[in-house]
file work_13.cif (mmCIF, C-alpha atoms)
data_start
#
loop_
_atom_site.group_PDB
_atom_site.id
_atom_site.type_symbol
_atom_site.label_atom_id
_atom_site.label_comp_id
_atom_site.auth_asym_id
_atom_site.auth_seq_id
_atom_site.Cartn_x
_atom_site.Cartn_y
_atom_site.Cartn_z
ATOM 1 C CA MET A 1219 107.736 52.199 64.647
ATOM 2 C CA ASP A 1220 107.986 55.044 62.144
ATOM 3 C CA ALA A 1221 107.268 58.379 63.883
ATOM 4 C CA GLU A 1222 104.761 59.351 61.201
ATOM 5 C CA GLY A 1223 102.611 56.332 61.996
ATOM 6 C CA LEU A 1224 102.384 57.155 65.703
ATOM 7 C CA ALA A 1225 99.569 59.629 64.998
ATOM 8 C CA LEU A 1226 97.293 56.607 64.553
ATOM 9 C CA LEU A 1227 97.584 55.976 68.304
ATOM 10 C CA LEU A 1228 95.714 59.191 69.094
ATOM 11 C CA PRO A 1229 91.892 58.784 69.223
ATOM 12 C CA PRO A 1230 90.380 61.688 67.204
ATOM 13 C CA VAL A 1231 87.641 62.355 69.757
ATOM 14 C CA THR A 1232 90.143 62.463 72.635
ATOM 15 C CA LEU A 1233 92.460 64.677 70.611
ATOM 16 C CA ALA A 1234 89.691 67.147 69.770
ATOM 17 C CA ALA A 1235 88.504 67.315 73.384
ATOM 18 C CA LEU A 1236 92.039 67.893 74.656
ATOM 19 C CA VAL A 1237 92.696 70.690 72.178
ATOM 20 C CA ASP A 1238 89.328 72.271 72.997
ATOM 21 C CA SER A 1239 90.254 72.349 76.703
ATOM 22 C CA TRP A 1240 93.586 74.047 75.944
ATOM 23 C CA LEU A 1241 91.981 76.735 73.799
ATOM 24 C CA ARG A 1242 89.243 77.353 76.366
ATOM 25 C CA GLU A 1243 91.854 77.686 79.102
ATOM 26 C CA ASP A 1244 93.737 80.351 77.137
ATOM 27 C CA CYS A 1245 90.625 82.239 76.001
ATOM 28 C CA PRO A 1246 87.563 81.450 78.131
ATOM 29 C CA GLY A 1247 85.882 84.785 77.417
ATOM 30 C CA LEU A 1248 86.381 87.901 75.300
ATOM 31 C CA ASN A 1249 89.387 88.035 72.964
ATOM 32 C CA TYR A 1250 90.111 91.759 72.791
ATOM 33 C CA ALA A 1251 93.298 91.271 70.744
ATOM 34 C CA ALA A 1252 91.161 89.928 67.874
ATOM 35 C CA LEU A 1253 89.962 93.498 67.277
ATOM 36 C CA VAL A 1254 93.584 94.482 66.686
ATOM 37 C CA SER A 1255 94.497 91.699 64.263
ATOM 38 C CA GLY A 1256 91.184 91.486 62.420
ATOM 39 C CA ALA A 1257 89.919 88.491 60.471
ATOM 40 C CA GLY A 1258 91.731 88.984 57.172
ATOM 41 C CA PRO A 1259 93.498 86.032 55.508
ATOM 42 C CA SER A 1260 97.028 85.647 56.860
ATOM 43 C CA GLN A 1261 99.957 83.278 56.836
ATOM 44 C CA ALA A 1262 102.642 82.450 59.372
ATOM 45 C CA VAL A 1263 105.799 80.361 59.403
ATOM 46 C CA LEU A 1264 106.728 78.006 62.241
ATOM 47 C CA TRP A 1265 110.447 78.236 62.980
ATOM 48 C CA ALA A 1266 112.567 75.921 65.125
ATOM 49 C CA LYS A 1267 115.258 77.914 66.893
ATOM 50 C CA SER A 1268 116.946 75.189 68.938
ATOM 51 C CA PRO A 1269 118.272 71.717 68.065
ATOM 52 C CA GLY A 1270 116.346 68.581 68.939
ATOM 53 C CA VAL A 1271 113.653 66.216 67.686
ATOM 54 C CA LEU A 1272 110.381 67.472 66.203
ATOM 55 C CA ALA A 1273 107.348 65.968 67.970
ATOM 56 C CA GLY A 1274 103.718 66.980 68.324
ATOM 57 C CA ARG A 1275 102.490 67.475 64.767
ATOM 58 C CA PRO A 1276 99.080 65.795 65.314
ATOM 59 C CA PHE A 1277 98.338 68.077 68.271
ATOM 60 C CA PHE A 1278 99.527 71.159 66.363
ATOM 61 C CA ASP A 1279 97.277 70.204 63.438
ATOM 62 C CA ALA A 1280 94.301 69.636 65.740
ATOM 63 C CA ILE A 1281 94.709 73.041 67.367
ATOM 64 C CA PHE A 1282 94.598 74.922 64.089
ATOM 65 C CA THR A 1283 91.934 72.681 62.553
ATOM 66 C CA GLN A 1284 89.709 73.699 65.468
ATOM 67 C CA LEU A 1285 90.383 77.333 64.496
ATOM 68 C CA ASN A 1286 89.670 76.886 60.763
ATOM 69 C CA CYS A 1287 93.327 77.190 59.773
ATOM 70 C CA GLN A 1288 95.404 74.981 57.496
ATOM 71 C CA VAL A 1289 98.898 73.673 58.283
ATOM 72 C CA SER A 1290 101.485 72.681 55.663
ATOM 73 C CA TRP A 1291 104.528 70.826 57.011
ATOM 74 C CA PHE A 1292 108.038 70.989 55.586
ATOM 75 C CA LEU A 1293 109.536 68.422 57.979
ATOM 76 C CA PRO A 1294 108.196 64.998 59.032
ATOM 77 C CA GLU A 1295 107.507 63.964 62.618
ATOM 78 C CA GLY A 1296 110.669 62.810 64.360
ATOM 79 C CA SER A 1297 112.963 65.008 62.253
ATOM 80 C CA LYS A 1298 116.244 66.186 63.729
ATOM 81 C CA LEU A 1299 116.008 69.957 63.961
ATOM 82 C CA VAL A 1300 119.000 72.109 63.013
ATOM 83 C CA PRO A 1301 118.254 75.771 63.777
ATOM 84 C CA VAL A 1302 117.068 77.952 62.289
ATOM 85 C CA ALA A 1303 114.704 75.503 60.549
ATOM 86 C CA ARG A 1304 111.520 76.333 58.636
ATOM 87 C CA VAL A 1305 109.167 73.664 59.998
ATOM 88 C CA ALA A 1306 105.664 74.515 58.797
ATOM 89 C CA GLU A 1307 103.351 77.184 57.432
ATOM 90 C CA VAL A 1308 99.918 78.015 58.818
ATOM 91 C CA ARG A 1309 97.216 79.873 56.870
ATOM 92 C CA GLY A 1310 93.897 81.246 58.056
ATOM 93 C CA PRO A 1311 92.124 84.307 59.499
ATOM 94 C CA ALA A 1312 94.588 86.480 61.387
ATOM 95 C CA HIS A 1313 92.692 86.414 64.674
ATOM 96 C CA CYS A 1314 92.470 82.605 64.517
ATOM 97 C CA LEU A 1315 96.178 82.211 63.827
ATOM 98 C CA LEU A 1316 96.994 84.333 66.831
ATOM 99 C CA LEU A 1317 94.431 82.617 69.024
ATOM 100 C CA GLY A 1318 96.166 79.282 68.452
ATOM 101 C CA GLU A 1319 99.727 80.600 68.453
ATOM 102 C CA ARG A 1320 100.705 80.327 72.115
ATOM 103 C CA VAL A 1321 98.781 77.112 72.785
ATOM 104 C CA ALA A 1322 100.397 75.433 69.770
ATOM 105 C CA LEU A 1323 103.905 76.663 70.596
ATOM 106 C CA ASN A 1324 103.643 75.607 74.244
ATOM 107 C CA MET A 1325 102.570 72.121 73.246
ATOM 108 C CA LEU A 1326 105.155 71.710 70.484
ATOM 109 C CA ALA A 1327 108.030 72.995 72.630
ATOM 110 C CA ARG A 1328 107.198 70.606 75.452
ATOM 111 C CA CYS A 1329 106.478 67.562 73.297
ATOM 112 C CA SER A 1330 109.616 68.070 71.205
ATOM 113 C CA GLY A 1331 111.703 68.564 74.338
ATOM 114 C CA ILE A 1332 110.550 65.210 75.700
ATOM 115 C CA ALA A 1333 111.177 63.491 72.370
ATOM 116 C CA SER A 1334 114.661 65.017 72.285
ATOM 117 C CA ALA A 1335 115.478 63.784 75.803
ATOM 118 C CA ALA A 1336 114.097 60.333 74.985
ATOM 119 C CA ALA A 1337 116.180 60.133 71.801
ATOM 120 C CA ALA A 1338 119.312 61.143 73.732
ATOM 121 C CA ALA A 1339 118.629 58.467 76.368
ATOM 122 C CA VAL A 1340 118.092 55.735 73.780
ATOM 123 C CA GLU A 1341 121.270 56.792 71.980
ATOM 124 C CA ALA A 1342 123.243 56.651 75.247
ATOM 125 C CA ALA A 1343 121.878 53.187 76.037
ATOM 126 C CA ARG A 1344 122.658 51.837 72.582
ATOM 127 C CA GLY A 1345 126.110 53.420 72.781
ATOM 128 C CA ALA A 1346 126.712 51.359 75.917
ATOM 129 C CA GLY A 1347 125.826 48.213 73.965
ATOM 130 C CA TRP A 1348 122.544 47.692 75.816
ATOM 131 C CA THR A 1349 119.474 46.551 73.870
ATOM 132 C CA GLY A 1350 116.772 46.770 76.559
ATOM 133 C CA HIS A 1351 113.907 49.223 76.869
ATOM 134 C CA VAL A 1352 114.433 52.860 77.851
ATOM 135 C CA ALA A 1353 111.073 53.942 79.265
ATOM 136 C CA GLY A 1354 109.254 56.878 80.740
ATOM 137 C CA THR A 1355 107.182 56.779 83.911
ATOM 138 C CA ARG A 1356 103.796 57.954 85.192
ATOM 139 C CA LYS A 1357 105.468 61.160 86.402
ATOM 140 C CA THR A 1358 103.655 63.365 83.917
ATOM 141 C CA THR A 1359 101.944 66.743 83.960
ATOM 142 C CA PRO A 1360 98.255 66.475 84.954
ATOM 143 C CA GLY A 1361 96.110 66.977 81.862
ATOM 144 C CA PHE A 1362 99.091 66.709 79.522
ATOM 145 C CA ARG A 1363 99.940 63.001 79.752
ATOM 146 C CA LEU A 1364 98.841 62.079 76.241
ATOM 147 C CA VAL A 1365 101.252 64.605 74.740
ATOM 148 C CA GLU A 1366 104.118 63.566 76.996
ATOM 149 C CA LYS A 1367 103.674 59.838 76.426
ATOM 150 C CA TYR A 1368 103.448 60.477 72.696
ATOM 151 C CA GLY A 1369 106.668 62.503 72.827
ATOM 152 C CA LEU A 1370 108.467 59.564 74.460
ATOM 153 C CA LEU A 1371 107.406 57.313 71.591
ATOM 154 C CA VAL A 1372 108.550 59.771 68.918
ATOM 155 C CA GLY A 1373 111.935 59.896 70.644
ATOM 156 C CA GLY A 1374 112.215 56.107 70.482
ATOM 157 C CA ALA A 1375 111.572 55.331 74.165
ATOM 158 C CA ALA A 1376 108.831 53.134 75.596
ATOM 159 C CA SER A 1377 105.933 54.991 77.174
ATOM 160 C CA HIS A 1378 105.561 52.465 80.049
ATOM 161 C CA ARG A 1379 102.020 52.077 81.447
ATOM 162 C CA TYR A 1380 99.738 54.881 80.355
ATOM 163 C CA ASP A 1381 97.613 54.821 83.509
ATOM 164 C CA LEU A 1382 96.792 52.699 86.544
ATOM 165 C CA GLY A 1383 94.866 50.239 84.375
ATOM 166 C CA GLY A 1384 97.784 49.374 82.110
ATOM 167 C CA LEU A 1385 99.745 47.288 84.599
ATOM 168 C CA VAL A 1386 99.234 46.255 88.234
ATOM 169 C CA MET A 1387 102.223 47.887 89.895
ATOM 170 C CA VAL A 1388 102.739 47.107 93.563
ATOM 171 C CA LYS A 1389 104.734 49.969 95.083
ATOM 172 C CA ASP A 1390 106.298 50.198 98.542
ATOM 173 C CA ASN A 1391 103.177 51.851 99.965
ATOM 174 C CA HIS A 1392 101.002 49.028 98.662
ATOM 175 C CA VAL A 1393 103.259 46.535 100.429
ATOM 176 C CA VAL A 1394 102.895 48.426 103.698
ATOM 177 C CA ALA A 1395 99.120 48.725 103.304
ATOM 178 C CA ALA A 1396 98.736 45.025 102.465
ATOM 179 C CA GLY A 1397 100.966 43.820 105.296
ATOM 180 C CA GLY A 1398 103.939 42.470 103.360
ATOM 181 C CA VAL A 1399 105.263 41.583 99.926
ATOM 182 C CA GLU A 1400 103.604 38.168 99.666
ATOM 183 C CA LYS A 1401 100.137 39.405 100.642
ATOM 184 C CA ALA A 1402 100.445 42.393 98.289
ATOM 185 C CA VAL A 1403 101.563 40.306 95.312
ATOM 186 C CA ARG A 1404 98.921 37.624 95.842
ATOM 187 C CA ALA A 1405 96.206 40.292 95.923
ATOM 188 C CA ALA A 1406 97.658 41.936 92.814
ATOM 189 C CA ARG A 1407 97.875 38.609 91.002
ATOM 190 C CA GLN A 1408 94.225 37.918 91.780
ATOM 191 C CA ALA A 1409 93.180 41.383 90.605
ATOM 192 C CA ALA A 1410 95.248 41.137 87.414
ATOM 193 C CA ASP A 1411 93.795 37.745 86.471
ATOM 194 C CA PHE A 1412 95.012 36.733 82.990
ATOM 195 C CA ALA A 1413 94.801 40.127 81.298
ATOM 196 C CA LEU A 1414 97.449 42.191 83.121
ATOM 197 C CA LYS A 1415 101.012 41.771 84.268
ATOM 198 C CA VAL A 1416 102.089 42.394 87.853
ATOM 199 C CA GLU A 1417 105.173 44.451 88.689
ATOM 200 C CA VAL A 1418 106.525 44.768 92.233
ATOM 201 C CA GLU A 1419 108.827 47.431 93.629
ATOM 202 C CA CYS A 1420 111.532 45.805 95.765
ATOM 203 C CA SER A 1421 114.256 47.251 97.964
ATOM 204 C CA SER A 1422 116.331 44.079 98.364
ATOM 205 C CA LEU A 1423 117.083 40.730 96.785
ATOM 206 C CA GLN A 1424 115.029 39.046 99.496
ATOM 207 C CA GLU A 1425 111.924 41.067 98.562
ATOM 208 C CA ALA A 1426 112.537 40.440 94.860
ATOM 209 C CA VAL A 1427 112.709 36.674 95.416
ATOM 210 C CA GLN A 1428 109.537 36.772 97.529
ATOM 211 C CA ALA A 1429 107.723 38.701 94.814
ATOM 212 C CA ALA A 1430 108.873 36.316 92.086
ATOM 213 C CA GLU A 1431 107.903 33.250 94.118
ATOM 214 C CA VAL A 1432 104.275 34.369 94.389
ATOM 215 C CA GLY A 1433 103.794 35.398 90.796
ATOM 216 C CA ALA A 1434 105.375 38.763 89.925
ATOM 217 C CA ASP A 1435 106.016 39.172 86.193
ATOM 218 C CA LEU A 1436 108.377 42.101 86.667
ATOM 219 C CA VAL A 1437 110.486 43.323 89.554
ATOM 220 C CA LEU A 1438 111.332 46.991 89.958
ATOM 221 C CA LEU A 1439 114.674 47.577 91.647
ATOM 222 C CA ASP A 1440 114.223 51.189 92.703
ATOM 223 C CA ASN A 1441 116.970 53.546 93.858
ATOM 224 C CA PHE A 1442 119.704 50.915 93.692
ATOM 225 C CA LYS A 1443 123.250 52.081 93.064
ATOM 226 C CA PRO A 1444 124.785 50.464 89.972
ATOM 227 C CA GLU A 1445 127.187 48.380 92.072
ATOM 228 C CA GLU A 1446 124.183 46.992 93.988
ATOM 229 C CA LEU A 1447 121.794 46.757 91.065
ATOM 230 C CA HIS A 1448 123.676 44.400 88.772
ATOM 231 C CA PRO A 1449 124.541 41.617 91.276
ATOM 232 C CA THR A 1450 120.983 41.756 92.657
ATOM 233 C CA ALA A 1451 119.500 41.436 89.165
ATOM 234 C CA ALA A 1452 121.907 38.628 88.291
ATOM 235 C CA ALA A 1453 121.026 36.666 91.442
ATOM 236 C CA LEU A 1454 117.290 37.074 90.786
ATOM 237 C CA LYS A 1455 117.611 35.999 87.160
ATOM 238 C CA THR A 1456 119.538 32.902 88.200
ATOM 239 C CA GLN A 1457 116.523 31.719 90.176
ATOM 240 C CA PHE A 1458 113.774 33.248 88.027
ATOM 241 C CA PRO A 1459 115.041 33.733 84.446
ATOM 242 C CA SER A 1460 111.574 34.599 83.125
ATOM 243 C CA VAL A 1461 111.030 37.505 85.539
ATOM 244 C CA ALA A 1462 111.841 40.855 83.938
ATOM 245 C CA VAL A 1463 113.907 43.397 85.863
ATOM 246 C CA GLU A 1464 113.340 47.138 85.728
ATOM 247 C CA ALA A 1465 115.804 49.678 87.127
ATOM 248 C CA SER A 1466 114.655 53.129 88.167
ATOM 249 C CA GLY A 1467 115.443 55.997 90.508
ATOM 250 C CA GLY A 1468 118.055 58.719 90.121
ATOM 251 C CA ILE A 1469 118.877 57.805 86.521
ATOM 252 C CA ASN A 1470 119.750 60.611 84.118
ATOM 253 C CA LEU A 1471 121.456 61.029 80.772
ATOM 254 C CA ASP A 1472 124.911 61.246 82.370
ATOM 255 C CA ASN A 1473 124.785 58.102 84.509
ATOM 256 C CA LEU A 1474 122.459 56.002 82.327
ATOM 257 C CA PRO A 1475 125.253 53.793 80.901
ATOM 258 C CA GLN A 1476 126.160 52.672 84.446
ATOM 259 C CA PHE A 1477 122.676 51.127 84.847
ATOM 260 C CA CYS A 1478 122.811 49.221 81.559
ATOM 261 C CA GLY A 1479 123.613 45.546 81.999
ATOM 262 C CA PRO A 1480 122.818 42.052 80.735
ATOM 263 C CA HIS A 1481 120.318 41.328 83.525
ATOM 264 C CA ILE A 1482 118.380 44.604 83.218
ATOM 265 C CA ASP A 1483 115.398 44.554 80.867
ATOM 266 C CA VAL A 1484 113.936 48.038 81.398
ATOM 267 C CA ILE A 1485 115.394 51.336 82.570
ATOM 268 C CA SER A 1486 112.710 53.880 83.426
ATOM 269 C CA MET A 1487 113.549 57.561 83.760
ATOM 270 C CA GLY A 1488 111.202 60.106 85.308
ATOM 271 C CA MET A 1489 113.437 62.936 84.111
ATOM 272 C CA LEU A 1490 112.370 62.324 80.508
ATOM 273 C CA THR A 1491 109.016 63.960 81.291
ATOM 274 C CA GLN A 1492 109.857 65.897 84.453
ATOM 275 C CA ALA A 1493 113.113 67.587 83.491
ATOM 276 C CA ALA A 1494 113.340 67.670 79.699
ATOM 277 C CA PRO A 1495 114.095 71.231 78.511
ATOM 278 C CA ALA A 1496 111.516 72.674 76.121
ATOM 279 C CA LEU A 1497 112.628 73.441 72.589
ATOM 280 C CA ASP A 1498 112.389 76.974 71.219
ATOM 281 C CA PHE A 1499 109.842 77.574 68.435
ATOM 282 C CA SER A 1500 108.275 80.747 67.064
ATOM 283 C CA LEU A 1501 105.323 81.417 64.778
ATOM 284 C CA LYS A 1502 105.770 84.554 62.673
ATOM 285 C CA LEU A 1503 103.142 86.181 60.493
ATOM 286 C CA PHE A 1504 104.376 87.606 57.222
ATOM 287 C CA ALA A 1505 102.895 89.660 54.401
ATOM 288 C CA GLU A 1506 105.644 89.304 51.812
ATOM 289 C CA GLU A 1507 106.322 86.328 49.580
ATOM 290 C CA VAL A 1508 109.444 85.448 51.568
ATOM 291 C CA ALA A 1509 109.100 85.052 55.322
ATOM 292 C CA PRO A 1510 111.863 86.701 57.383
ATOM 293 C CA VAL A 1511 114.136 84.309 59.305
ATOM 294 C CA PRO A 1512 113.978 84.948 63.060
ATOM 295 C CA LYS A 1513 117.076 85.436 65.172
ATOM 296 C CA THR A 1514 118.116 82.763 67.651
ATOM 297 C CA ARG A 1515 118.771 83.650 71.264
#
call {"tool": "encode", "arguments": {"input": "work_13.cif", "output": "structure tokens"}}
result
Amino acid sequence: MDAEGLALLLPPVTLAALVDSWLREDCPGLNYAALVSGAGPSQAVLWAKSPGVLAGRPFFDAIFTQLNCQVSWFLPEGSKLVPVARVAEVRGPAHCLLLGERVALNMLARCSGIASAAAAAVEAARGAGWTGHVAGTRKTTPGFRLVEKYGLLVGGAASHRYDLGGLVMVKDNHVVAAGGVEKAVRAARQAADFALKVEVECSSLQEAVQAAEVGADLVLLDNFKPEELHPTAAALKTQFPSVAVEASGGINLDNLPQFCGPHIDVISMGMLTQAAPALDFSLKLFAEEVAPVPKTR
């Protein structure tokens, strides 16, 4: 999907409420710095000072819309950033620009960092000749999941399930609590009914076969070494060709190609949201016709 169209996924009411919570967190009371800046009309330029993928425009827009400011973009969502890049211009009352500055930069840096990591992972997978799905996980920052899942999509990765209601995933702790793989999967299958798929985390081929026999749609082979993963997936697919196989655990951008194989359908990577470095952006007010270009670190 075109990155520009991904904004349609974001419910306006949810977006507004999320932005409101961020602004209230940063300024829940008196804003003394507003007396310094004043309320005169001002303009600022958003600069990208590190390479990567631009992601987070809808959230950036929503922040400044809430503050009665207007944003004009020079680059589309999903653009490859080559520093120093002039990304956008924001106009509005000075105290409003500065009230939204840090919130907007924090969001954009984080979202773009995740999109950049996702794009690098997809590129590595395609470079290995693999055509399956590179996906994120539910390992997201509390209160920030919508941004992080959106960033994955802009980077070309799959977001995986958004929450517990998106897929019935039977993890190792569920198996223990239920008293075994078969009991856990049967209960999950009953709960899922016709509307949801069931995925089961397995630690061996035996568990994977048990899960498939009682109705698992997907099998998660977690923390398998590549030399163990591929023969296990191949053996499972021989018996159950319609069951999808997901690989996860300890996968990063360096070793990703080792996990790509013809019997692997999904590779999920927690590091895309947990360890992606933030990109460097700055928002600089200017009074002249030409905005000064900031220095990179």
call {"tool": "closest_residue", "arguments": {"input": "work_13.cif", "among": "A:Ala1405, A:Leu1371, A:Ala1413, A:Leu1474", "to": "Ala1225 (chain A)", "atoms": "only C-alpha atoms"}}
result
A:Leu1371
call {"tool": "resolve_selection", "arguments": {"input": "work_13.cif", "expression": "the PyMOL selection byres ((chain A and resi 1480) around 9)", "output": "VMD selection string"}}
result
chain A and resid 1348 to 1350 1448 1452 1478 to 1479 1481 to 1483
call {"tool": "resolve_selection", "arguments": {"input": "work_13.cif", "expression": "the PyMOL selection byres ((chain A and resi 1367) around 9)", "output": "list in words"}}
result
Cys1329, Ile1332, Gly1354, Thr1355, Arg1356, Thr1358, Phe1362, Arg1363, Leu1364, Val1365, Glu1366, Tyr1368, Gly1369, Leu1370, Leu1371, Val1372, Ala1376, Ser1377, His1378, Tyr1380 and Thr1491 of chain A
call {"tool": "closest_residue", "arguments": {"input": "work_13.cif", "among": "A:Leu1224, A:Val1300, A:Ala1335, A:Leu1471", "to": "Pro1495 (chain A)", "atoms": "all atoms listed in the file"}}
result
A:Ala1335
call {"tool": "residues_around", "arguments": {"input": "work_13.cif", "residues": "Gly1361 (chain A)", "least_positions_apart": "6", "cutoff": "10 Å", "atoms": "all atoms listed in the file", "output": "list in words"}}
result
Leu1236, Ser1239 and Trp1240 of chain A
call {"tool": "resolve_selection", "arguments": {"input": "work_13.cif", "expression": "the PyMOL selection byres ((chain A and resi 1291) around 10)", "output": "short mmCIF file (atom, residue, chain, number, x, y, z; two decimals) with C-alpha atoms, in the coordinates of the input"}}
result
data_model
loop_
_atom_site.label_atom_id
_atom_site.label_comp_id
_atom_site.auth_asym_id
_atom_site.auth_seq_id
_atom_site.Cartn_x
_atom_site.Cartn_y
_atom_site.Cartn_z
CA VAL A 1263 105.80 80.36 59.40
CA LEU A 1264 106.73 78.01 62.24
CA ARG A 1275 102.49 67.47 64.77
CA ASP A 1279 97.28 70.20 63.44
CA VAL A 1289 98.90 73.67 58.28
CA SER A 1290 101.48 72.68 55.66
CA PHE A 1292 108.04 70.99 55.59
CA LEU A 1293 109.54 68.42 57.98
CA PRO A 1294 108.20 65.00 59.03
CA GLU A 1295 107.51 63.96 62.62
CA ARG A 1304 111.52 76.33 58.64
CA VAL A 1305 109.17 73.66 60.00
CA ALA A 1306 105.66 74.52 58.80
CA GLU A 1307 103.35 77.18 57.43
CA VAL A 1308 99.92 78.02 58.82
#
call {"tool": "closest_residue", "arguments": {"input": "work_13.cif", "among": "A:Thr1232, A:Asn1473, A:Asn1249, A:Thr1359", "to": "Ala1342 (chain A)", "atoms": "only C-alpha atoms"}}
result
A:Asn1473
call {"tool": "residues_near_point", "arguments": {"input": "work_13.cif", "point": "(110.8, 36.9, 90.5)", "cutoff": "10 Å", "atoms": "all atoms listed in the file", "output": "ChimeraX atom specification"}}
result
/A:1417-1418,1423,1425-1437,1451,1454-1463
call {"tool": "residues_around", "arguments": {"input": "work_13.cif", "residues": "Lys1502 (chain A)", "least_positions_apart": "3", "cutoff": "10 Å", "atoms": "only C-alpha atoms", "output": "ChimeraX atom specification"}}
result
/A:1261-1265,1307-1308,1315-1316,1319,1499,1509-1512
call {"tool": "closest_residue", "arguments": {"input": "work_13.cif", "among": "A:Val1352, A:Leu1385, A:Ala1406, A:Ala1505", "to": "Ile1469 (chain A)", "atoms": "all atoms listed in the file"}}
result
A:Val1352
call {"tool": "atom_distance", "arguments": {"input": "work_13.cif", "atom1": "CA of Ala1235 (chain A)", "atom2": "CA of Phe1277 (chain A)"}}
result
11.1 Å
call {"tool": "closest_residue", "arguments": {"input": "work_13.cif", "among": "A:Ala1353, A:Ala1333, A:Leu1326, A:Leu1228", "to": "Arg1379 (chain A)", "atoms": "all atoms listed in the file"}}
result
A:Ala1353
call {"tool": "residues_near_point", "arguments": {"input": "work_13.cif", "point": "(119.8, 71.2, 64.0)", "cutoff": "8 Å", "atoms": "only C-alpha atoms", "output": "list in words"}}
result
Ser1268, Pro1269, Gly1270, Lys1298, Leu1299, Val1300, Pro1301, Val1302 and Ala1303 of chain A
call {"tool": "atom_distance", "arguments": {"input": "work_13.cif", "atom1": "CA of Asp1498 (chain A)", "atom2": "CA of Val1321 (chain A)"}}
result
13.7 Å
call {"tool": "residues_around", "arguments": {"input": "work_13.cif", "residues": "Asp1238 (chain A)", "least_positions_apart": "3", "cutoff": "8 Å", "atoms": "all atoms listed in the file", "output": "PyMOL selection string"}}
result
chain A and resi 1234-1235+1241-1242+1281+1284
call {"tool": "atom_distance", "arguments": {"input": "work_13.cif", "atom1": "CA of Ala1465 (chain A)", "atom2": "CA of Gly1331 (chain A)"}}
result
23.2 Å
call {"tool": "closest_residue", "arguments": {"input": "work_13.cif", "among": "A:Leu1233, A:Cys1314, A:Val1340, A:Val1394", "to": "Cys1245 (chain A)", "atoms": "all atoms listed in the file"}}
result
A:Cys1314
call {"tool": "axis_aligned_box", "arguments": {"input": "work_13.cif", "around": "region 1279-1282 of chain A", "padding_each_side": "4 Å", "output": "JSON"}}
result
{"center_x": 95.8, "center_y": 72.3, "center_z": 65.4, "size_x": 11.0, "size_y": 13.3, "size_z": 11.9}
call {"tool": "residues_around", "arguments": {"input": "work_13.cif", "residues": "Cys1287 (chain A)", "least_positions_apart": "2", "cutoff": "7 Å", "atoms": "only C-alpha atoms", "output": "PyMOL selection string"}}
result
chain A and resi 1282-1283+1285+1289+1308-1310
call {"tool": "residues_around", "arguments": {"input": "work_13.cif", "residues": "region 1439-1444 of chain A", "least_positions_apart": "5", "cutoff": "8 Å", "atoms": "all atoms listed in the file", "output": "PDB file with C-alpha atoms, in the coordinates of the input"}}
result
ATOM      1  CA  GLU A1419     108.827  47.431  93.629  1.00  0.00           C
ATOM      2  CA  CYS A1420     111.532  45.805  95.765  1.00  0.00           C
ATOM      3  CA  SER A1421     114.256  47.251  97.964  1.00  0.00           C
ATOM      4  CA  SER A1422     116.331  44.079  98.364  1.00  0.00           C
ATOM      5  CA  VAL A1463     113.907  43.397  85.863  1.00  0.00           C
ATOM      6  CA  GLU A1464     113.340  47.138  85.728  1.00  0.00           C
ATOM      7  CA  ALA A1465     115.804  49.678  87.127  1.00  0.00           C
ATOM      8  CA  SER A1466     114.655  53.129  88.167  1.00  0.00           C
ATOM      9  CA  GLY A1467     115.443  55.997  90.508  1.00  0.00           C
ATOM     10  CA  GLY A1468     118.055  58.719  90.121  1.00  0.00           C
ATOM     11  CA  GLN A1476     126.160  52.672  84.446  1.00  0.00           C
ATOM     12  CA  PHE A1477     122.676  51.127  84.847  1.00  0.00           C
TER      13      PHE A1477
END
